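What follows is a single structure, written as structure tokens, with notes after it.
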Amino acid sequence: MLSFIALASVLLVSLASQSEAIWVYTGWDRHALVGSEVRLSCSFFSWRWLSDDVTFSWSYKPDNARSSISIFHYAGGQPYVDNKGPFRDRLEFVGNPQKRDGSILIRNLDYNDNGTFTCDAKNPPDIVGRPSSVRLLVFDKVPVRAGVITGAIIGSVLGLVILIVAIYFLMRFLVARRVLNLSVSKMEKGKKGKGKEGSQQRQMWSLFSPRGPGPVRHPRPVQ
């Protein structure tokens, strides 16, 4: 009995801790060009229904920096952008809290924007969870590695499409050839059958004709 009570207590504690957990997700590392814009995605999952008190917070840690600075906060249905930080007038909230989306958009990127962006979300009473981070790399031009990977992906897709089209037309050709051969074979069999049937009818007619099969002609001797 005591063991059963202990087991039930452990299960209740685990369920309670599970129901208060929240999981935050950001995308993979982002690459962008100088002067362009980038969307940094953030979403979360929790066991609770979406709360009216849901919050999103973004912080930024530049490369080679020791500490992070707060650059954005969403609470009470209102977005709050830091007007004094490095992203003033360049940061925009483009998420949809009703869909558990806390994404932000940063415009006019510069080399100094390289760093790590961290998103944290709360959906009370689900408030226990780890923030998620994404690293931003800004380049003057597309890096060789990224260009090679992109080219390889595009080439693979095009190659696959060409292969599928080639197989499709090859199958159509083989099917059409097979149908043509069958049609020719049936026509030849039909002609042979008609010729044989006509020959048999002529033989039967000569046997039952009143004239008979006709006299047998012998070859004349050579003088």
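Chain identifiers are assigned as A, B, and so on, following the order in which chains appear in the structure tokens; residues are numbered from 1 within each chain, and ligands are numbered from 1 in order of appearance.
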- Query: Where in stretch 67-125 of chain A does DSSP assign helix (DSSP H, G or I), given as a list in words?
  - Reply: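 DSSP on the backbone gives helix (DSSP H, G or I) at Pro97, Gln98, Lys99, Tyr111, Asn112 and Asp113 of chain A.
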- Task: Please provide as a list in words all residues within 7 Å of stretch 83-98 of chain A, with the sequence filter that same-chain residues fewer than 4 positions apart are discarded (counting only C-alpha atoms).
- Result: Ile71, Pro79, Gly102, Ser103, Ile104, Leu105, Ile106, Arg107 and Asn108 of chain A
- Which residues come within 8 Å of A:Arg30, counting only C-alpha atoms, excluding same-chain residues fewer than 5 positions away, as a PyMOL selection string? chain A and resi 38+134-137
Export N, CA and C atoms of the chosen residues as an mmCIF file, in the first residue's frame?
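Now in selection-v1.cif:
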```cif
data_model
loop_
_atom_site.group_PDB
_atom_site.id
_atom_site.type_symbol
_atom_site.label_atom_id
_atom_site.label_comp_id
_atom_site.auth_asym_id
_atom_site.auth_seq_id
_atom_site.Cartn_x
_atom_site.Cartn_y
_atom_site.Cartn_z
ATOM 1 N N VAL A 38 16.442 40.247 -42.511
ATOM 2 C CA VAL A 38 16.370 38.854 -42.089
ATOM 3 C C VAL A 38 15.240 38.695 -41.074
ATOM 4 N N VAL A 134 19.639 31.680 -31.858
ATOM 5 C CA VAL A 134 19.978 31.545 -33.269
ATOM 6 C C VAL A 134 21.106 32.524 -33.570
ATOM 7 N N ARG A 135 22.081 32.107 -34.355
ATOM 8 C CA ARG A 135 23.240 32.958 -34.674
ATOM 9 C C ARG A 135 23.051 33.587 -36.047
ATOM 10 N N LEU A 136 23.336 34.873 -36.123
ATOM 11 C CA LEU A 136 23.233 35.621 -37.375
ATOM 12 C C LEU A 136 24.627 35.937 -37.900
ATOM 13 N N LEU A 137 24.843 35.607 -39.189
ATOM 14 C CA LEU A 137 26.114 35.886 -39.857
ATOM 15 C C LEU A 137 25.826 36.768 -41.065
#
```
- Query: What is the atom CA of A:Val138 to atom CA of A:Ala32 distance in Å?
  - Reply: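 Going from atom CA of A:Val138 over to atom CA of A:Ala32, I get 4.9 Å.
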